[in-house]
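J.: To start, I am sharing the structure in question, which I have written as structure tokens.
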2 protein chains.
Amino acid sequence: MNFTVSEENYIKSIYHLQQQKGTVNTNSLAAEMHTRPASVTDMLKKLKIKKLLQYEPYKGFRLNEAGKKVALDVVRKHRLWEYFLAEKLKFDWDKVHPIAEELEHISSDELIQRLEKFLGNPLFDPHGDPIPDRNGKIPVINQQCLSDLPLKKTVIVSSVSKQTANMLEMLRHYKISLGTQLTVQKKFDFDGSLEIKIFKQAACIISEQVARNIFVHHDL
Amino acid sequence: MNFTVSEENYIKSIYHLQQQKGTVNTNSLAAEMHTRPASVTDMLKKLKIKKLLQYEPYKGFRLNEAGKKVALDVVRKHRLWEYFLAEKLKFDWDKVHPIAEELEHISSDELIQRLEKFLGNPLFDPHGDPIPDRNGKIPVINQQCLSDLPLKKTVIVSSVSKQTANMLEMLRHYKISLGTQLTVQKKFDFDGSLEIKIFKQAACIISEQVARNIFVHHDL
DNA sequence: TTAAATTTTTAGATTTGTCTAAATTTTATT
DNA sequence: AATAAAATTTAGACAAATCTAAAAATTTAA
């Protein structure tokens, strides 16, 4: 079945809220999408008719399996395009999102398959988020938050959750990017800040707030 | 100024008809766009308000300079994406058009500039059509139709006008593609067919009908 | 030059996605 | 439990893009 750009955007947002918050309600979806609750209600009726979600008036809603499949397909396209923009066209991390928001609605399946192959079948996008495969399967990675990490373990930065321009500026300053190897050397209990040693760089200190948004994994 | 997908499609079609036929009228534009004359009239009013064309009811119409600029920008995007699809993603010539029809409406200017650079600033798309530059300037090439070519001149295939699946199949069979070097060795007056010698291949004969759709240039 | 044919436009309807304002339902509070 | 607050839905409107059917203008041709 085919979906409009608007339908795809609603499905994607419902999916993301469902993942983060567990439940989705009309107001939070309206806020997420910068639209009005009444518009959400209208769209929910359409998506119910298309059998993509469970929805009873006044009772909340949730994507069913068919809806999740559609969402994962859009997420897959979004993240592959982000990878393309960052890796091939050399866009900065924080510039790729709005462009991928448009590209994710291009409909050709063959395009996406060829793009994936051209990019070398990447498993994670430039923000470290996993790219679902053709069947909607999401690669898993043993991630741990940098702020919870025991001392002296060498790890690799795998994703960053708050991707604001400010955060990016900070990371650029510290020369931290995805794939960066580092070790936590000391934790200051006073404010939770960490002394870290980045591979081939001098030791430095980062705040707990920054550390809480950096995720790492252990595998080489 | 920003334009809707529909506006861009109308502008592009008007531009192409204007190039081919000189004048544009409501019925031919409706035919070209697989829509109804009444819909064309409606859109013309909108485009006139946006000052993109001259239009007086019952008097025909024509893009002005602002309209041509918009058209060339869409054409530029279309052809750059076609080049990307063929060169990077290895799509066949005859598959790239419908996908580029969608991609051409992605709005980011920076995307197109980076894409152009990534592709190596190509001047012609996979069909041999010229790619306008950022300012709307179109590269020129001294093209000649293969059917008009004098004997014994070595030339290079630069474009193919009829890009149907059948024509493509034929060209693949003859191993002719853009950039192919060849010489016309003999012309048969009976049916206008040509004996051609393709670089590194045995001589072969092509019909006048095929020859009329192949264009060549002389420069190395 | 008048009638017929063609082209083009208008009038009015439809679909999609959105909105505001009001009504309804659910949840929380006293 | 009654009422206030919050969340959600309905009712009705609007803009964009399209359509059909009918009217109007232009062109062609007898």
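Please note that chains go A, B, ... in the order of the structure tokens, that every chain numbers its residues from 1, and that ligands are numbered from 1 in the order shown.
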Could you go through stretch 18-164 of chain A and tell me which residues DSSP, when run on the backbone, assigns to helix (DSSP H, G or I), listing them as JSON, numbers by chain?
T.: {"A": [18, 19, 20, 21, 26, 27, 28, 29, 30, 31, 32, 37, 38, 39, 40, 41, 42, 43, 44, 45, 46, 47, 48, 49, 65, 66, 67, 68, 69, 70, 71, 72, 73, 74, 75, 76, 77, 78, 79, 80, 81, 82, 83, 84, 85, 86, 87, 88, 93, 94, 95, 96, 97, 98, 99, 100, 101, 102, 103, 109, 110, 111, 112, 113, 114, 115, 116, 117, 118, 146, 147, 148]}
J.: For the residues in the current selection, export C-alpha atoms as a CSV table (one decimal), in the first residue's frame.
T.:
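File result_4.csv, as written:
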chain,number,residue,atom,x,y,z
A,18,GLN,CA,5.8,4.7,21.4
A,19,GLN,CA,9.5,3.6,21.8
A,20,GLN,CA,10.4,6.4,24.2
A,21,LYS,CA,7.4,6.8,26.3
A,26,THR,CA,-3.2,13.0,21.2
A,27,ASN,CA,-1.6,16.0,22.9
A,28,SER,CA,1.9,14.7,23.0
A,29,LEU,CA,1.7,13.6,19.3
A,30,ALA,CA,0.4,17.1,18.4
A,31,ALA,CA,3.3,18.7,20.3
A,32,GLU,CA,5.8,16.4,18.6
A,37,PRO,CA,-4.8,17.9,18.7
A,38,ALA,CA,-7.8,18.1,16.3
A,39,SER,CA,-5.5,17.4,13.3
A,40,VAL,CA,-4.1,14.4,15.1
A,41,THR,CA,-7.6,13.0,15.7
A,42,ASP,CA,-8.4,13.5,12.0
A,43,MET,CA,-5.3,11.6,11.0
A,44,LEU,CA,-5.9,8.8,13.5
A,45,LYS,CA,-9.2,8.1,11.9
A,46,LYS,CA,-7.6,7.7,8.5
A,47,LEU,CA,-4.8,5.5,9.9
A,48,LYS,CA,-7.4,3.3,11.6
A,49,ILE,CA,-9.3,2.9,8.4
A,65,GLU,CA,2.4,-4.7,13.4
A,66,ALA,CA,1.5,-3.3,10.0
A,67,GLY,CA,1.9,0.2,11.3
A,68,LYS,CA,5.3,-0.6,12.8
A,69,LYS,CA,6.4,-2.1,9.5
A,70,VAL,CA,5.6,1.2,7.8
A,71,ALA,CA,7.4,3.2,10.5
A,72,LEU,CA,10.5,1.1,10.3
A,73,ASP,CA,10.6,1.4,6.6
A,74,VAL,CA,10.5,5.2,6.9
A,75,VAL,CA,13.1,5.2,9.7
A,76,ARG,CA,15.3,2.9,7.5
A,77,LYS,CA,15.1,5.4,4.6
A,78,HIS,CA,15.8,8.3,6.8
A,79,ARG,CA,18.9,6.8,8.4
A,80,LEU,CA,20.3,5.6,5.1
A,81,TRP,CA,19.9,9.0,3.6
A,82,GLU,CA,21.5,10.6,6.7
A,83,TYR,CA,24.5,8.2,6.2
A,84,PHE,CA,24.7,9.2,2.6
A,85,LEU,CA,24.6,12.9,3.4
A,86,ALA,CA,27.3,12.7,6.1
A,87,GLU,CA,29.6,10.1,4.6
A,88,LYS,CA,29.4,10.9,0.9
A,93,TRP,CA,26.0,15.7,11.7
A,94,ASP,CA,23.7,18.5,12.7
A,95,LYS,CA,22.7,19.4,9.2
A,96,VAL,CA,21.6,16.1,7.8
A,97,HIS,CA,18.3,15.7,9.7
A,98,PRO,CA,16.0,18.2,7.9
A,99,ILE,CA,17.2,17.0,4.5
A,100,ALA,CA,16.7,13.4,5.3
A,101,GLU,CA,13.2,14.3,6.5
A,102,GLU,CA,12.4,15.1,2.8
A,103,LEU,CA,14.4,12.3,1.2
A,109,ASP,CA,12.2,0.4,-3.0
A,110,GLU,CA,14.9,-0.3,-5.6
A,111,LEU,CA,16.5,3.1,-4.9
A,112,ILE,CA,16.8,2.3,-1.2
A,113,GLN,CA,18.2,-1.2,-1.9
A,114,ARG,CA,20.8,0.2,-4.2
A,115,LEU,CA,21.6,3.1,-2.0
A,116,GLU,CA,22.2,0.7,0.9
A,117,LYS,CA,24.6,-1.4,-1.2
A,118,PHE,CA,26.4,1.7,-2.5
A,146,LEU,CA,29.5,7.0,29.5
A,147,SER,CA,28.4,8.3,32.9
A,148,ASP,CA,27.8,4.8,34.1
J.: From the DSSP assignment of the backbone, select every residue of stretch 14-173 of chain A that is strand (DSSP E or B), and format the answer as an NGL selection string.
T.: :A and (24 or 53-55 or 61-63 or 124 or 130 or 144-145 or 154-160)
J.: Taking only C-alpha atoms (C1' of nucleotides) into account, report as a PyMOL selection string which residues of chain C lie within 12 Å of chain A.
T.: chain C and resi 16-21+24-27
J.: Write out as a tab-separated table a residue-level contact list of chain D versus chain B with cut-off 10 Å: for each qualifying residue the closest pair of atoms and the distance in Å to one decimal, counting only C-alpha atoms (C1' of nucleotides), rows sorted by chain and residue number upward.
T.:
residue	atom	partner	partner_atom	distance
D:DA16	C1'	B:Thr4	CA	9.6
D:DA17	C1'	B:Ser39	CA	8.1
D:DT18	C1'	B:Ser39	CA	6.6
D:DC19	C1'	B:Arg36	CA	7.9
D:DT20	C1'	B:Ala38	CA	9.6
D:DA25	C1'	B:Tyr58	CA	7.0
D:DT26	C1'	B:Tyr58	CA	7.6
J.: Pick out the closest residue to chain B from this set: A:Ile206, A:Val160, A:Leu119, A:Ala211. Count only C-alpha atoms.
T.: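 For chain B, the nearest of the given residues is A:Leu119.
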J.: Pick from B:Phe124, B:Phe215, B:Phe199, B:Phe91: nearest to chain A, with only C-alpha atoms counted?
T.: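 Answer, going by the shortest atom-to-atom distance: B:Phe91.
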